[in-house]
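run15.txt follows (compact mmCIF, N, CA and C atoms):
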# COMPACT_ATOMS: atom_id res chain seq x y z
N MET A 1 12.86 -27.56 8.21
CA MET A 1 12.40 -27.02 9.48
C MET A 1 11.40 -27.98 10.11
N ALA A 2 11.43 -28.10 11.40
CA ALA A 2 10.54 -29.01 12.12
C ALA A 2 9.12 -28.46 12.12
N ALA A 3 8.19 -29.38 12.25
CA ALA A 3 6.78 -28.98 12.31
C ALA A 3 6.53 -28.20 13.59
N PRO A 4 5.60 -27.26 13.55
CA PRO A 4 5.30 -26.47 14.75
C PRO A 4 4.81 -27.38 15.90
N ALA A 5 5.19 -27.00 17.08
CA ALA A 5 4.80 -27.77 18.26
C ALA A 5 3.30 -27.60 18.52
N THR A 6 2.66 -28.69 18.84
CA THR A 6 1.24 -28.62 19.16
C THR A 6 1.07 -28.50 20.66
N ARG A 7 -0.11 -28.12 21.05
CA ARG A 7 -0.43 -28.02 22.48
C ARG A 7 -0.27 -29.37 23.16
N ALA A 8 -0.64 -30.43 22.45
CA ALA A 8 -0.53 -31.78 23.01
C ALA A 8 0.93 -32.14 23.28
N GLU A 9 1.84 -31.74 22.38
CA GLU A 9 3.27 -32.01 22.59
C GLU A 9 3.79 -31.30 23.83
N VAL A 10 3.40 -30.04 23.96
CA VAL A 10 3.85 -29.25 25.10
C VAL A 10 3.32 -29.85 26.40
N LEU A 11 2.05 -30.20 26.42
CA LEU A 11 1.47 -30.80 27.63
C LEU A 11 2.10 -32.15 27.95
N LYS A 12 2.42 -32.91 26.91
CA LYS A 12 3.03 -34.22 27.12
C LYS A 12 4.40 -34.08 27.78
N ILE A 13 5.22 -33.18 27.28
CA ILE A 13 6.55 -33.03 27.88
C ILE A 13 6.44 -32.43 29.28
N TYR A 14 5.47 -31.56 29.50
CA TYR A 14 5.24 -30.98 30.82
C TYR A 14 4.89 -32.07 31.82
N LYS A 15 3.94 -32.91 31.47
CA LYS A 15 3.53 -34.00 32.36
C LYS A 15 4.66 -35.00 32.59
N THR A 16 5.41 -35.29 31.54
CA THR A 16 6.52 -36.21 31.66
C THR A 16 7.59 -35.66 32.60
N MET A 17 7.86 -34.37 32.47
CA MET A 17 8.86 -33.74 33.34
C MET A 17 8.40 -33.76 34.80
N LEU A 18 7.12 -33.50 35.03
CA LEU A 18 6.61 -33.54 36.40
C LEU A 18 6.68 -34.96 36.96
N ARG A 19 6.33 -35.93 36.14
CA ARG A 19 6.36 -37.33 36.58
C ARG A 19 7.79 -37.75 36.92
N GLU A 20 8.73 -37.41 36.03
CA GLU A 20 10.12 -37.78 36.27
C GLU A 20 10.70 -37.04 37.47
N SER A 21 10.29 -35.79 37.67
CA SER A 21 10.76 -35.02 38.82
C SER A 21 10.31 -35.65 40.12
N GLY A 22 9.15 -36.29 40.10
CA GLY A 22 8.64 -36.95 41.29
C GLY A 22 9.39 -38.22 41.65
N LYS A 23 10.30 -38.65 40.81
CA LYS A 23 11.05 -39.88 41.06
C LYS A 23 12.32 -39.66 41.88
N PHE A 24 12.66 -38.41 42.15
CA PHE A 24 13.83 -38.17 43.00
C PHE A 24 13.57 -38.76 44.37
N SER A 25 14.54 -39.48 44.90
CA SER A 25 14.34 -40.10 46.22
C SER A 25 14.52 -39.08 47.34
N PHE A 26 15.29 -38.05 47.12
CA PHE A 26 15.53 -37.04 48.14
C PHE A 26 14.49 -35.94 48.01
N TYR A 27 13.78 -35.67 49.08
CA TYR A 27 12.65 -34.75 49.10
C TYR A 27 13.00 -33.37 48.54
N ASN A 28 14.10 -32.78 49.00
CA ASN A 28 14.44 -31.43 48.56
C ASN A 28 14.70 -31.35 47.06
N TYR A 29 15.38 -32.35 46.50
CA TYR A 29 15.61 -32.38 45.06
C TYR A 29 14.29 -32.54 44.31
N ARG A 30 13.45 -33.41 44.84
CA ARG A 30 12.16 -33.67 44.20
C ARG A 30 11.31 -32.40 44.15
N MET A 31 11.20 -31.72 45.28
CA MET A 31 10.39 -30.50 45.33
C MET A 31 10.98 -29.38 44.48
N TYR A 32 12.31 -29.28 44.47
CA TYR A 32 12.96 -28.27 43.64
C TYR A 32 12.69 -28.52 42.16
N ALA A 33 12.83 -29.78 41.73
CA ALA A 33 12.63 -30.10 40.32
C ALA A 33 11.18 -29.84 39.90
N VAL A 34 10.24 -30.23 40.72
CA VAL A 34 8.82 -29.99 40.40
C VAL A 34 8.54 -28.49 40.31
N ARG A 35 9.04 -27.75 41.29
CA ARG A 35 8.83 -26.30 41.30
C ARG A 35 9.49 -25.64 40.09
N ARG A 36 10.69 -26.08 39.74
CA ARG A 36 11.42 -25.50 38.61
C ARG A 36 10.70 -25.77 37.29
N VAL A 37 10.17 -26.98 37.13
CA VAL A 37 9.43 -27.32 35.90
C VAL A 37 8.19 -26.44 35.79
N LYS A 38 7.42 -26.35 36.87
CA LYS A 38 6.20 -25.53 36.85
C LYS A 38 6.52 -24.07 36.56
N ASP A 39 7.55 -23.54 37.21
CA ASP A 39 7.93 -22.14 37.01
C ASP A 39 8.38 -21.88 35.58
N ALA A 40 9.18 -22.79 35.03
CA ALA A 40 9.69 -22.61 33.68
C ALA A 40 8.55 -22.60 32.65
N PHE A 41 7.61 -23.51 32.80
CA PHE A 41 6.50 -23.53 31.85
C PHE A 41 5.59 -22.33 32.04
N ARG A 42 5.41 -21.91 33.27
CA ARG A 42 4.58 -20.74 33.54
C ARG A 42 5.20 -19.47 32.93
N GLU A 43 6.53 -19.35 33.00
CA GLU A 43 7.22 -18.19 32.43
C GLU A 43 7.06 -18.13 30.92
N GLN A 44 7.00 -19.28 30.28
CA GLN A 44 6.95 -19.32 28.81
C GLN A 44 5.53 -19.47 28.27
N LYS A 45 4.56 -19.34 29.12
CA LYS A 45 3.15 -19.54 28.75
C LYS A 45 2.69 -18.61 27.63
N ALA A 46 3.16 -17.38 27.63
CA ALA A 46 2.68 -16.38 26.68
C ALA A 46 3.47 -16.34 25.37
N VAL A 47 4.46 -17.20 25.21
CA VAL A 47 5.27 -17.19 23.99
C VAL A 47 4.42 -17.67 22.82
N ASN A 48 4.41 -16.89 21.74
CA ASN A 48 3.62 -17.24 20.56
C ASN A 48 4.48 -17.50 19.33
N ASP A 49 5.72 -17.09 19.35
CA ASP A 49 6.62 -17.27 18.21
C ASP A 49 6.97 -18.75 18.07
N VAL A 50 6.73 -19.31 16.90
CA VAL A 50 6.92 -20.74 16.66
C VAL A 50 8.37 -21.15 16.88
N SER A 51 9.31 -20.35 16.40
CA SER A 51 10.72 -20.72 16.55
C SER A 51 11.13 -20.70 18.02
N LYS A 52 10.61 -19.76 18.79
CA LYS A 52 10.93 -19.71 20.23
C LYS A 52 10.31 -20.90 20.96
N ILE A 53 9.10 -21.27 20.57
CA ILE A 53 8.45 -22.43 21.18
C ILE A 53 9.26 -23.69 20.90
N GLN A 54 9.72 -23.84 19.66
CA GLN A 54 10.54 -25.00 19.31
C GLN A 54 11.83 -25.02 20.14
N GLN A 55 12.45 -23.85 20.31
CA GLN A 55 13.68 -23.78 21.09
C GLN A 55 13.41 -24.14 22.56
N HIS A 56 12.31 -23.65 23.09
CA HIS A 56 11.96 -23.97 24.48
C HIS A 56 11.67 -25.46 24.64
N LEU A 57 11.07 -26.08 23.63
CA LEU A 57 10.82 -27.52 23.69
C LEU A 57 12.13 -28.32 23.66
N LEU A 58 13.07 -27.86 22.84
CA LEU A 58 14.38 -28.52 22.83
C LEU A 58 15.06 -28.40 24.19
N ASP A 59 14.98 -27.22 24.77
CA ASP A 59 15.54 -27.02 26.11
C ASP A 59 14.84 -27.92 27.13
N ALA A 60 13.52 -28.05 27.01
CA ALA A 60 12.76 -28.88 27.94
C ALA A 60 13.17 -30.35 27.80
N ARG A 61 13.40 -30.79 26.57
CA ARG A 61 13.83 -32.19 26.37
C ARG A 61 15.21 -32.43 26.97
N ARG A 62 16.10 -31.45 26.84
CA ARG A 62 17.43 -31.57 27.46
C ARG A 62 17.30 -31.62 28.97
N PHE A 63 16.45 -30.77 29.51
CA PHE A 63 16.23 -30.73 30.96
C PHE A 63 15.60 -32.04 31.43
N LEU A 64 14.71 -32.61 30.63
CA LEU A 64 14.10 -33.90 30.96
C LEU A 64 15.16 -34.99 31.04
N ASP A 65 16.11 -34.99 30.11
CA ASP A 65 17.20 -35.96 30.15
C ASP A 65 18.02 -35.79 31.42
N ILE A 66 18.26 -34.56 31.82
CA ILE A 66 19.01 -34.29 33.04
C ILE A 66 18.24 -34.81 34.26
N ILE A 67 16.94 -34.55 34.28
CA ILE A 67 16.11 -35.01 35.40
C ILE A 67 16.18 -36.53 35.50
N LYS A 68 16.01 -37.22 34.38
CA LYS A 68 16.05 -38.68 34.38
C LYS A 68 17.39 -39.20 34.89
N ARG A 69 18.46 -38.61 34.38
CA ARG A 69 19.81 -39.04 34.78
C ARG A 69 20.05 -38.80 36.27
N GLN A 70 19.66 -37.63 36.75
CA GLN A 70 19.89 -37.31 38.15
C GLN A 70 19.02 -38.15 39.09
N ALA A 71 17.82 -38.50 38.65
CA ALA A 71 16.96 -39.37 39.47
C ALA A 71 17.59 -40.75 39.62
N ILE A 72 18.21 -41.24 38.56
CA ILE A 72 18.89 -42.54 38.63
C ILE A 72 20.09 -42.46 39.55
N VAL A 73 20.88 -41.40 39.41
CA VAL A 73 22.06 -41.23 40.26
C VAL A 73 21.62 -41.08 41.72
N GLY A 74 20.54 -40.34 41.94
CA GLY A 74 20.04 -40.14 43.30
C GLY A 74 19.60 -41.43 43.95
N ASP A 75 19.13 -42.39 43.15
CA ASP A 75 18.71 -43.68 43.70
C ASP A 75 19.90 -44.50 44.22
N LEU A 76 21.09 -44.14 43.78
CA LEU A 76 22.27 -44.86 44.25
C LEU A 76 22.59 -44.52 45.70
N TYR A 77 22.11 -43.38 46.17
CA TYR A 77 22.38 -42.91 47.52
C TYR A 77 21.07 -42.78 48.27
N LYS A 78 20.86 -43.65 49.21
CA LYS A 78 19.60 -43.63 49.97
C LYS A 78 19.74 -42.77 51.22
N PHE A 79 18.71 -42.01 51.51
CA PHE A 79 18.67 -41.16 52.68
C PHE A 79 17.47 -41.57 53.54
N ASP A 80 17.56 -41.27 54.82
CA ASP A 80 16.39 -41.45 55.67
C ASP A 80 15.37 -40.40 55.26
N LYS A 81 14.10 -40.73 55.44
CA LYS A 81 13.06 -39.77 55.11
C LYS A 81 13.11 -38.59 56.06
N LEU A 82 12.78 -37.41 55.53
CA LEU A 82 12.71 -36.22 56.36
C LEU A 82 11.41 -36.23 57.15
N VAL A 83 11.34 -35.42 58.16
CA VAL A 83 10.15 -35.34 59.01
C VAL A 83 8.92 -35.00 58.17
N ILE A 84 9.05 -34.08 57.24
CA ILE A 84 7.91 -33.66 56.42
C ILE A 84 7.39 -34.82 55.57
N GLU A 85 8.30 -35.69 55.10
CA GLU A 85 7.87 -36.83 54.30
C GLU A 85 7.14 -37.85 55.16
N VAL A 86 7.60 -38.08 56.36
CA VAL A 86 6.97 -39.04 57.26
C VAL A 86 5.57 -38.56 57.62
N GLU A 87 5.42 -37.26 57.89
CA GLU A 87 4.10 -36.69 58.20
C GLU A 87 3.16 -36.83 57.02
N ASN A 88 3.63 -36.60 55.80
CA ASN A 88 2.80 -36.75 54.61
C ASN A 88 2.38 -38.19 54.38
N ASP A 89 3.29 -39.14 54.65
CA ASP A 89 2.96 -40.56 54.50
C ASP A 89 1.87 -40.98 55.48
N GLU A 90 1.91 -40.45 56.69
CA GLU A 90 0.92 -40.81 57.70
C GLU A 90 -0.46 -40.27 57.34
N LYS A 91 -0.54 -39.14 56.65
CA LYS A 91 -1.82 -38.55 56.28
C LYS A 91 -2.49 -39.34 55.17
N HIS A 92 -1.70 -40.02 54.34
CA HIS A 92 -2.28 -40.75 53.22
C HIS A 92 -2.48 -42.15 53.59
Do you think you could lay out the structure here as structure tokens?
Amino acid sequence: MAAPATRAEVLKIYKTMLRESGKFSFYNYRMYAVRRVKDAFREQKAVNDVSKIQQHLLDARRFLDIIKRQAIVGDLYKFDKLVIEVENDEKH
């Protein structure tokens, strides 16, 4: 059996998923992925069972692989920036 997941492991995969989600070139995909990651972790915040935590971490790693793959595929197709992205760029 695998060692129990530590808080540091959970935070590491959470941060990695958020970082990778931010790499989507298309705004709507990027915002959806970030929102989905945050919502998924928020839903599982109260889970205390070690086996369930391990299963959720495995699911998170699979989802991370999907995010990475889709971000690469998304880079193959370039889109013009949306109005909301242009406004955000001007503010920064």
Between atom C of Ile53 (chain A) and atom N of Ala5 (chain A), distance in Å (one decimal): 6.5 Å
In Å, rounded to a single decimal, give me how far atom N of Arg36 (chain A) is from atom N of Ile72 (chain A).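 Value for the atom N of Ile72 (chain A)-atom N of Arg36 (chain A) distance: 17.0 Å.
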Out of A:Arg61, A:Glu43, A:Phe24, A:Tyr29, which residue has the shortest atom-to-atom distance to Val10 (chain A) when counting only C-alpha atoms? A:Arg61
Work out how far atom C of Lys68 (chain A) is from atom C of Gln44 (chain A), in Å to one decimal.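 Pair atom C of Gln44 (chain A) / atom C of Lys68 (chain A) returns 24.0 Å.
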Can you check which residues of chain A DSSP gives as helix (DSSP H, G or I) on the backbone and send them as a ChimeraX atom specification? /A:7-21,27-43,50-75,83-91
For the point (10.6, -40.9, 38.5) in file coordinates, what residues are within 8 Å, counting only N, CA and C atoms? Give the answer as a ChimeraX atom specification? /A:18-25,67-68,71-72
Could you take the residues named above and write them with N, CA and C atoms, as a PDB file, in the coordinates of the input?
ATOM      1  N   LEU A  18       7.120 -33.500  35.030  1.00  0.00           N
ATOM      2  CA  LEU A  18       6.610 -33.540  36.400  1.00  0.00           C
ATOM      3  C   LEU A  18       6.680 -34.960  36.960  1.00  0.00           C
ATOM      4  N   ARG A  19       6.330 -35.930  36.140  1.00  0.00           N
ATOM      5  CA  ARG A  19       6.360 -37.330  36.580  1.00  0.00           C
ATOM      6  C   ARG A  19       7.790 -37.750  36.920  1.00  0.00           C
ATOM      7  N   GLU A  20       8.730 -37.410  36.030  1.00  0.00           N
ATOM      8  CA  GLU A  20      10.120 -37.780  36.270  1.00  0.00           C
ATOM      9  C   GLU A  20      10.700 -37.040  37.470  1.00  0.00           C
ATOM     10  N   SER A  21      10.290 -35.790  37.670  1.00  0.00           N
ATOM     11  CA  SER A  21      10.760 -35.020  38.820  1.00  0.00           C
ATOM     12  C   SER A  21      10.310 -35.650  40.120  1.00  0.00           C
ATOM     13  N   GLY A  22       9.150 -36.290  40.100  1.00  0.00           N
ATOM     14  CA  GLY A  22       8.640 -36.950  41.290  1.00  0.00           C
ATOM     15  C   GLY A  22       9.390 -38.220  41.650  1.00  0.00           C
ATOM     16  N   LYS A  23      10.300 -38.650  40.810  1.00  0.00           N
ATOM     17  CA  LYS A  23      11.050 -39.880  41.060  1.00  0.00           C
ATOM     18  C   LYS A  23      12.320 -39.660  41.880  1.00  0.00           C
ATOM     19  N   PHE A  24      12.660 -38.410  42.150  1.00  0.00           N
ATOM     20  CA  PHE A  24      13.830 -38.170  43.000  1.00  0.00           C
ATOM     21  C   PHE A  24      13.570 -38.760  44.370  1.00  0.00           C
ATOM     22  N   SER A  25      14.540 -39.480  44.900  1.00  0.00           N
ATOM     23  CA  SER A  25      14.340 -40.100  46.220  1.00  0.00           C
ATOM     24  C   SER A  25      14.520 -39.080  47.340  1.00  0.00           C
ATOM     25  N   ILE A  67      16.940 -34.550  34.280  1.00  0.00           N
ATOM     26  CA  ILE A  67      16.110 -35.010  35.400  1.00  0.00           C
ATOM     27  C   ILE A  67      16.180 -36.530  35.500  1.00  0.00           C
ATOM     28  N   LYS A  68      16.010 -37.220  34.380  1.00  0.00           N
ATOM     29  CA  LYS A  68      16.050 -38.680  34.380  1.00  0.00           C
ATOM     30  C   LYS A  68      17.390 -39.200  34.890  1.00  0.00           C
ATOM     31  N   ALA A  71      17.820 -38.500  38.650  1.00  0.00           N
ATOM     32  CA  ALA A  71      16.960 -39.370  39.470  1.00  0.00           C
ATOM     33  C   ALA A  71      17.590 -40.750  39.620  1.00  0.00           C
ATOM     34  N   ILE A  72      18.210 -41.240  38.560  1.00  0.00           N
ATOM     35  CA  ILE A  72      18.890 -42.540  38.630  1.00  0.00           C
ATOM     36  C   ILE A  72      20.090 -42.460  39.550  1.00  0.00           C
TER      37      ILE A  72
END
Which polymer residues have any atom within 8 Å of an atom of Lys78 (chain A), counting only N, CA and C atoms, with same-chain residues fewer than 4 positions away left out, as a PDB file with N, CA and C atoms, in the coordinates of the input?
ATOM      1  N   SER A  25      14.540 -39.480  44.900  1.00  0.00           N
ATOM      2  CA  SER A  25      14.340 -40.100  46.220  1.00  0.00           C
ATOM      3  C   SER A  25      14.520 -39.080  47.340  1.00  0.00           C
ATOM      4  N   PHE A  26      15.290 -38.050  47.120  1.00  0.00           N
ATOM      5  CA  PHE A  26      15.530 -37.040  48.140  1.00  0.00           C
ATOM      6  C   PHE A  26      14.490 -35.940  48.010  1.00  0.00           C
ATOM      7  N   VAL A  73      20.880 -41.400  39.410  1.00  0.00           N
ATOM      8  CA  VAL A  73      22.060 -41.230  40.260  1.00  0.00           C
ATOM      9  C   VAL A  73      21.620 -41.080  41.720  1.00  0.00           C
ATOM     10  N   GLY A  74      20.540 -40.340  41.940  1.00  0.00           N
ATOM     11  CA  GLY A  74      20.040 -40.140  43.300  1.00  0.00           C
ATOM     12  C   GLY A  74      19.600 -41.430  43.950  1.00  0.00           C
TER      13      GLY A  74
END
For the interface of region 24-79 of chain A with region 12-17 of chain A (cut-off 10 Å, counting only C-alpha atoms), please tabulate each contacting residue of region 24-79 of chain A alongside its nearest pair of atoms and their separation in Å to one decimal, rows sorted by chain and increasing number, as JSON lines.
{"residue": "A:Ala33", "atom": "CA", "partner": "A:Met17", "partner_atom": "CA", "distance": 8.7}
{"residue": "A:Val34", "atom": "CA", "partner": "A:Met17", "partner_atom": "CA", "distance": 8.0}
{"residue": "A:Val37", "atom": "CA", "partner": "A:Met17", "partner_atom": "CA", "distance": 6.9}
{"residue": "A:Lys38", "atom": "CA", "partner": "A:Tyr14", "partner_atom": "CA", "distance": 8.2}
{"residue": "A:Ala40", "atom": "CA", "partner": "A:Tyr14", "partner_atom": "CA", "distance": 9.9}
{"residue": "A:Phe41", "atom": "CA", "partner": "A:Tyr14", "partner_atom": "CA", "distance": 7.6}
{"residue": "A:Leu57", "atom": "CA", "partner": "A:Ile13", "partner_atom": "CA", "distance": 8.1}
{"residue": "A:Ala60", "atom": "CA", "partner": "A:Ile13", "partner_atom": "CA", "distance": 7.5}
{"residue": "A:Arg61", "atom": "CA", "partner": "A:Ile13", "partner_atom": "CA", "distance": 7.5}
{"residue": "A:Phe63", "atom": "CA", "partner": "A:Met17", "partner_atom": "CA", "distance": 8.3}
{"residue": "A:Leu64", "atom": "CA", "partner": "A:Met17", "partner_atom": "CA", "distance": 5.8}
{"residue": "A:Asp65", "atom": "CA", "partner": "A:Met17", "partner_atom": "CA", "distance": 9.2}
{"residue": "A:Ile67", "atom": "CA", "partner": "A:Met17", "partner_atom": "CA", "distance": 7.6}
{"residue": "A:Lys68", "atom": "CA", "partner": "A:Met17", "partner_atom": "CA", "distance": 8.8}
